[in-house]
Structures are given as C-alpha cells and as structure tokens.
Number of protein chains: 2
Amino acid sequence: MKNTPEKSKYHHGDLRTTLLHVAGEMLKESGIEEVSLRKLAARVGVSRTAPYHHFKDKNALLCGIAEAGFKQLHAMNKRSFNAEGRSTKEKFSLFIHEYVNFAKSNPDLYELMFGRTIWKQENSTQELRAAAYPCFQYQVTMTREWQKLKLLNHSGEENALRASQVLWGTVHGIAKLLIDGIYTDVAHVEEICDYAVDMFLVH
Amino acid sequence: MKNTPEKSKYHHGDLRTTLLHVAGEMLKESGIEEVSLRKLAARVGVSRTAPYHHFKDKNALLCGIAEAGFKQLHAMNKRSFNAEGRSTKEKFSLFIHEYVNFAKSNPDLYELMFGRTIWKQENSTQELRAAAYPCFQYQVTMTREWQKLKLLNHSGEENALRASQVLWGTVHGIAKLLIDGIYTDVAHVEEICDYAVDMFLVH
DNA sequence: GGTAAAATTTGACAGTGTCAAGATTGATTA
DNA sequence: TAATCAATCTTGACACTGTCAAATTTTACC
C-alpha cells in the first residue's frame, strides 16, 4: 500500500503527507463516515494516536484534505475561464458544466469542502482559508468579466459580488442536490447545466 | 418540560411524539451533532433503548424530524405562491426570500432535511419521501406557472422541470452557503435574494 | 382472571475521538 | 565520539456513541 519500500521504521518519515493521501483515498472510496482516525492509522500501519503529532485533531486533518480540494477546484476554474479557442458564452457554459461535474466526480470531497463540519464555529484552519478564499474570490473576478462583456441577464446597476454569489449559489445548489441524492436523475446533469446557462444569459 | 403532568408511568403514553418533539428542540438548540439517542432519552426521562420501540434506528428518528420540516416548508411555499394582493413578480420574489429565510431561521433542520445523511443509500423512510416529494413537485408547479406568465428569462423551448431544478438549485445553494458558514455576511441575505430575482426575471 | 402483546429496562459490545504518560529514534552540541 | 534533547511514536485509559439480546413491567383483550 505504501510506496516507500523501507520497512519497520519507528519514525515514518513523511507521515503527515501519507495520512492526508490515504485519508483522501478512504474518503473517495467509502465516504466521509468511513473516515476514522483509527482506521486511517491502521491502514497506514501506525498506532491510533500517531496522527495527533501531525494534526491537532480530526478536524485539522479534514481541513487538510479540503485544502487540497480547493486548490484543485481553483485550478480547474482557471482552466475553464481561460479555455482557448472558445467564445465567451462557451467558456461561461464550460465553467458551469465543469463545476458541477467536479462535484459529481468527487462527491465526498465536495461535501467535505463545503460542509459545515469544517466551516462552522471557527473550525476552519488558517491554511484552509488561505486556499479557499482565493478560490471564492476568483468567482467574483470571473463574474466581473462576464458582466463587462454584457453576458448576464440583469436590470439596473451591476454588482459583481452579488451576481457571483447568485451564480455560485446556483452551481453549488445543483451540485449539492445531485450528490446528496435529492435529484435522482443523475443522468440529466448536462441538461440541467445547459438550462441554467440559458436562464442566465441575456437574450 | 413535558406537558402531561402525570408522573411515574412505566408506559409513557405518547413517547413517539415526545421523542420527535424534544429531538427537534435539541436540533434547534445545539445542532445535529448534539442530538444523540442517549441524550434524547435522558432528557425525556426514559432509558437508552426505549426509543428503539418507536423508531427502527437513529436514522428513522431523523427522517421523522425532517418529515415535519418538509410539511412546514411545503405549506410555506404555498403561502408565498398564493399571497394575496401582490403582483406575480412580487410573489416570485417573495418565494425566493421566504425560502432562503426558512433555511436561515432553521439552519440545522434545513441541513438535516437536505443532507445526505437521510437521503443517501436508501436511508430515506417511506414516510419521509411521502412528505418530501410533493414538496419537490410543488416547485415544478410554481415554475410552470411562472413560465406561462412569461416571467422567466430564457430562450428556446421552455421546460418546467429543468427550470425548477435551476431555480431550486439557486435558492438551495444560497441557503446552504449561508448556513454552512461560507458566506460570512449573513446580513446581506435580502440583497442577494433581490439580485437573484433580478437575474431570473425577463427584462 | 389469565394470557398475550406492547412497552420499557438493564447488560453488553464494538466503535469512536482524544488525553496523559512512557518509550523510541534522530539530530544537535559539547 | 558521547551526551542531551526534541521530535516522533506507542500503550493505556476515559467518556461517549449506536444498537443488539434478554429480562422485566405494564396494558389490553378474551
């Protein structure tokens, strides 16, 4: 399971990284409720409390996983927004589709990233916020650009922050309803996204 | 705490109702992670395993709470949609605001109602579905009406189901981002809702 | 009044996160 | 090189959780 072939080391060497990696695997394989520190430690081949020397508590570990998720999401959003050889409308549509499909492909990770577990009552790590806030901010940057290009349906004075909150709310809401099992017809994701794009574009 | 003054009864009389009621209180007071069957039983004044004769397991109890929540939400939606003395646009706006404010006022209940806990992997009770599906369906009914009245921005052929999925996704997403602690400025809820309304209306 | 069913209890088990104290190792310094 | 110290890891323990099985108590019914 480990990639380092060295055996029987009291000091693991890079336990922190390994814990994050394996915990991410467990999350993807079996969902958040199957991620326990004890199972994680057993799978890594270390005692129950060893993780506590690298993470303050379970919450800190989860924040670490989410942190990587936000970096991934941020990078993906940049790619969508700057996709070459496409019209602005197509890139807007691409963003919506890619976002929802990210959540669809990594349901448990997405659930963790945006769940109240790591955000409520000061639970979020400083490192997590340092990864998430730029990702949030980028939504506003993209929206401001779309507004400048007169892409979005709206009357009155434009506000990039408010518009991005609505747009982000929409993709987030669709993603959540999908992965939480409320929308049962997962097959129609693309149609829903297409319809959303159409409702937001000015005609 | 109890409304029935009769004391020292081996048979509680209406334990099921009491459990649902008190569990709902605990949820509202301290959040879902503070709702445990043991604490609930202690608070009701009954042994740890007594609840198991009225609910198959903890999941069934949570479904029961959510069930009541959906009936409440459904009723509220009907009121918004049929509000007297208001234009259709105003009623559309009212629906958006009321929906988000329902989540804001009952964050933990809303979280439970739409969380994967009770929906994923066949966890949902038949009674829960019987309460939730009509609520979901009503979103489509409202949307169909709004489309007939040419209220919503869109090009091409209209589809009430798709449009309702997008609209519902939006209010759901805004609600979730708010109550999960991602949107830190809870004070601007009404502005966000107003902006959402404006983006969806045809101009 | 006796019996069956319903409701509730106690005991037990496996699992969880986390703390405290001790054991082991690697790095630093004298 | 030898000694020291901090980093790292382990064992033991605690309180808490959901849930099962078996025994107990009460109510309802024939």
# chains A, B, ... in the order shown; residues from 1 in each chain; ligands from 1
>>> residues_around(residues="DT28 in chain C", least_positions_apart="5", cutoff="10 Å", atoms="only C-alpha atoms (C1' of nucleotides)", output="PyMOL selection string")
chain D and resi 4-6
>>> interface_residues(of="chain B", to="chain A", cutoff="9 Å", atoms="only C-alpha atoms", output="PyMOL selection string")
chain B and resi 114-117+119-121+152-156+159+162-163+165-177+179-183+191-193+195-196+198-203
>>> interface_residues(of="chain A", to="chain C", cutoff="12 Å", atoms="only C-alpha atoms (C1' of nucleotides)", output="compact mmCIF listing (two decimals) with all heavy atoms, in the first residue's frame")
# COMPACT_ATOMS: atom_id res chain seq x y z
N LYS A 9 10.25 1.08 10.25
CA LYS A 9 10.86 2.30 10.76
C LYS A 9 9.97 2.85 11.87
O LYS A 9 8.77 2.98 11.70
CB LYS A 9 10.97 3.33 9.64
CG LYS A 9 11.98 2.95 8.58
CD LYS A 9 11.94 3.96 7.44
CE LYS A 9 12.35 5.34 7.90
NZ LYS A 9 12.34 6.32 6.81
N TYR A 10 10.59 3.13 12.95
CA TYR A 10 9.83 3.73 14.06
C TYR A 10 9.36 5.11 13.63
O TYR A 10 8.19 5.45 13.74
CB TYR A 10 10.71 3.83 15.31
CG TYR A 10 9.97 4.20 16.56
CD1 TYR A 10 9.42 3.22 17.37
CD2 TYR A 10 9.83 5.52 16.93
CE1 TYR A 10 8.74 3.55 18.52
CE2 TYR A 10 9.15 5.87 18.08
CZ TYR A 10 8.60 4.88 18.88
OH TYR A 10 7.92 5.21 20.02
N HIS A 11 10.27 5.87 13.09
CA HIS A 11 9.87 7.15 12.51
C HIS A 11 9.46 6.93 11.06
O HIS A 11 10.23 6.38 10.27
CB HIS A 11 11.03 8.15 12.59
CG HIS A 11 11.16 8.76 13.94
ND1 HIS A 11 10.87 8.07 15.09
CD2 HIS A 11 11.52 10.00 14.34
CE1 HIS A 11 11.08 8.85 16.14
NE2 HIS A 11 11.47 10.04 15.71
N HIS A 12 8.28 7.33 10.76
CA HIS A 12 7.72 7.03 9.45
C HIS A 12 8.42 7.79 8.34
O HIS A 12 8.61 7.28 7.25
CB HIS A 12 6.22 7.36 9.46
CG HIS A 12 5.54 7.06 8.18
ND1 HIS A 12 5.60 7.89 7.10
CD2 HIS A 12 4.79 6.00 7.81
CE1 HIS A 12 4.90 7.36 6.12
NE2 HIS A 12 4.41 6.22 6.52
N GLY A 13 8.79 9.03 8.64
CA GLY A 13 9.50 9.80 7.65
C GLY A 13 8.65 10.93 7.09
O GLY A 13 8.97 12.09 7.21
N GLU A 33 -18.15 9.12 6.38
CA GLU A 33 -18.47 8.43 7.62
C GLU A 33 -17.57 7.21 7.85
O GLU A 33 -17.53 6.65 8.93
CB GLU A 33 -19.94 8.02 7.66
CG GLU A 33 -20.34 6.92 6.70
CD GLU A 33 -20.63 7.48 5.31
OE1 GLU A 33 -20.50 8.72 5.12
OE2 GLU A 33 -21.00 6.72 4.42
N GLU A 34 -16.84 6.81 6.81
CA GLU A 34 -15.92 5.68 6.95
C GLU A 34 -14.51 6.15 7.28
O GLU A 34 -13.61 5.34 7.47
CB GLU A 34 -15.92 4.83 5.68
CG GLU A 34 -17.18 3.99 5.50
CD GLU A 34 -17.32 2.96 6.61
OE1 GLU A 34 -16.36 2.27 6.94
OE2 GLU A 34 -18.45 2.86 7.17
N VAL A 35 -14.33 7.47 7.26
CA VAL A 35 -13.00 8.01 7.59
C VAL A 35 -12.90 8.22 9.09
O VAL A 35 -13.45 9.17 9.63
CB VAL A 35 -12.75 9.34 6.85
CG1 VAL A 35 -11.40 9.91 7.27
CG2 VAL A 35 -12.80 9.14 5.35
N SER A 36 -12.23 7.31 9.77
CA SER A 36 -11.98 7.48 11.19
C SER A 36 -10.47 7.48 11.40
O SER A 36 -9.73 6.83 10.66
CB SER A 36 -12.63 6.38 12.01
OG SER A 36 -11.81 5.24 12.06
N LEU A 37 -10.04 8.20 12.42
CA LEU A 37 -8.61 8.28 12.68
C LEU A 37 -8.02 6.91 12.95
O LEU A 37 -6.89 6.61 12.58
CB LEU A 37 -8.37 9.21 13.87
CG LEU A 37 -8.53 10.70 13.58
CD1 LEU A 37 -8.14 11.51 14.79
CD2 LEU A 37 -7.69 11.12 12.39
N ARG A 38 -8.80 6.08 13.60
CA ARG A 38 -8.28 4.76 13.97
C ARG A 38 -8.11 3.87 12.75
O ARG A 38 -7.09 3.17 12.61
CB ARG A 38 -9.22 4.11 14.99
CG ARG A 38 -9.24 4.89 16.32
CD ARG A 38 -10.30 4.35 17.26
NE ARG A 38 -9.73 3.60 18.35
CZ ARG A 38 -9.63 4.05 19.60
NH1 ARG A 38 -10.07 5.25 19.92
NH2 ARG A 38 -9.10 3.31 20.53
N LYS A 39 -9.11 3.87 11.88
CA LYS A 39 -8.98 3.08 10.64
C LYS A 39 -7.84 3.61 9.79
O LYS A 39 -7.08 2.84 9.19
CB LYS A 39 -10.29 3.14 9.85
CG LYS A 39 -11.36 2.19 10.34
CD LYS A 39 -12.52 2.15 9.34
CE LYS A 39 -13.84 1.99 10.05
NZ LYS A 39 -14.96 2.64 9.35
N ARG A 48 -2.84 4.34 16.98
CA ARG A 48 -4.04 5.18 16.92
C ARG A 48 -3.77 6.66 17.09
O ARG A 48 -4.43 7.50 16.47
CB ARG A 48 -5.03 4.78 18.02
CG ARG A 48 -5.48 3.36 17.98
CD ARG A 48 -5.53 2.78 19.40
NE ARG A 48 -4.52 1.78 19.62
CZ ARG A 48 -4.09 1.46 20.84
NH1 ARG A 48 -4.59 2.03 21.90
NH2 ARG A 48 -3.12 0.56 20.97
N THR A 49 -2.83 6.97 17.95
CA THR A 49 -2.63 8.37 18.30
C THR A 49 -1.48 9.03 17.56
O THR A 49 -1.19 10.20 17.79
CB THR A 49 -2.39 8.51 19.81
OG1 THR A 49 -1.25 7.72 20.16
CG2 THR A 49 -3.59 8.02 20.59
N ALA A 50 -0.83 8.29 16.71
CA ALA A 50 0.29 8.86 15.96
C ALA A 50 -0.14 10.10 15.15
O ALA A 50 0.57 11.10 15.13
CB ALA A 50 0.91 7.81 15.05
N PRO A 51 -1.32 10.07 14.50
CA PRO A 51 -1.74 11.25 13.72
C PRO A 51 -1.80 12.54 14.53
O PRO A 51 -1.68 13.62 13.95
CB PRO A 51 -3.15 10.84 13.24
CG PRO A 51 -3.11 9.37 13.17
CD PRO A 51 -2.24 8.94 14.31
N TYR A 52 -1.95 12.41 15.84
CA TYR A 52 -2.11 13.61 16.66
C TYR A 52 -0.83 14.44 16.75
O TYR A 52 -0.86 15.56 17.25
CB TYR A 52 -2.60 13.24 18.06
CG TYR A 52 -4.08 12.97 18.09
CD1 TYR A 52 -4.57 11.70 17.83
CD2 TYR A 52 -4.97 14.01 18.33
CE1 TYR A 52 -5.92 11.47 17.82
CE2 TYR A 52 -6.33 13.77 18.34
CZ TYR A 52 -6.80 12.50 18.08
OH TYR A 52 -8.15 12.25 18.08
N LYS A 56 -3.75 18.58 14.87
CA LYS A 56 -4.27 18.90 16.19
C LYS A 56 -5.42 17.96 16.57
O LYS A 56 -5.49 17.45 17.69
CB LYS A 56 -4.74 20.35 16.23
CG LYS A 56 -5.30 20.80 17.57
CD LYS A 56 -5.82 22.24 17.46
CE LYS A 56 -6.86 22.53 18.54
NZ LYS A 56 -8.25 22.43 18.08
N ASP A 57 -6.31 17.76 15.65
CA ASP A 57 -7.41 16.82 15.87
C ASP A 57 -7.95 16.37 14.52
O ASP A 57 -7.39 16.72 13.48
CB ASP A 57 -8.51 17.45 16.73
CG ASP A 57 -8.93 18.80 16.20
OD1 ASP A 57 -8.63 19.09 15.02
OD2 ASP A 57 -9.56 19.57 16.94
N LYS A 58 -9.03 15.62 14.55
CA LYS A 58 -9.60 15.10 13.31
C LYS A 58 -9.99 16.24 12.37
O LYS A 58 -9.81 16.17 11.16
CB LYS A 58 -10.83 14.24 13.62
CG LYS A 58 -11.40 13.57 12.39
CD LYS A 58 -12.59 12.69 12.72
CE LYS A 58 -13.07 11.94 11.49
NZ LYS A 58 -14.23 11.08 11.77
N ASN A 59 -10.53 17.30 12.97
CA ASN A 59 -10.95 18.45 12.16
C ASN A 59 -9.80 19.01 11.33
O ASN A 59 -9.97 19.35 10.17
CB ASN A 59 -11.51 19.53 13.09
CG ASN A 59 -11.97 20.74 12.32
OD1 ASN A 59 -12.96 20.70 11.62
ND2 ASN A 59 -11.21 21.83 12.43
>>> interface_residues(of="chain D", to="chain A", cutoff="7 Å", atoms="only C-alpha atoms (C1' of nucleotides)", output="list in words")
DT8, DC9 and DT10 of chain D
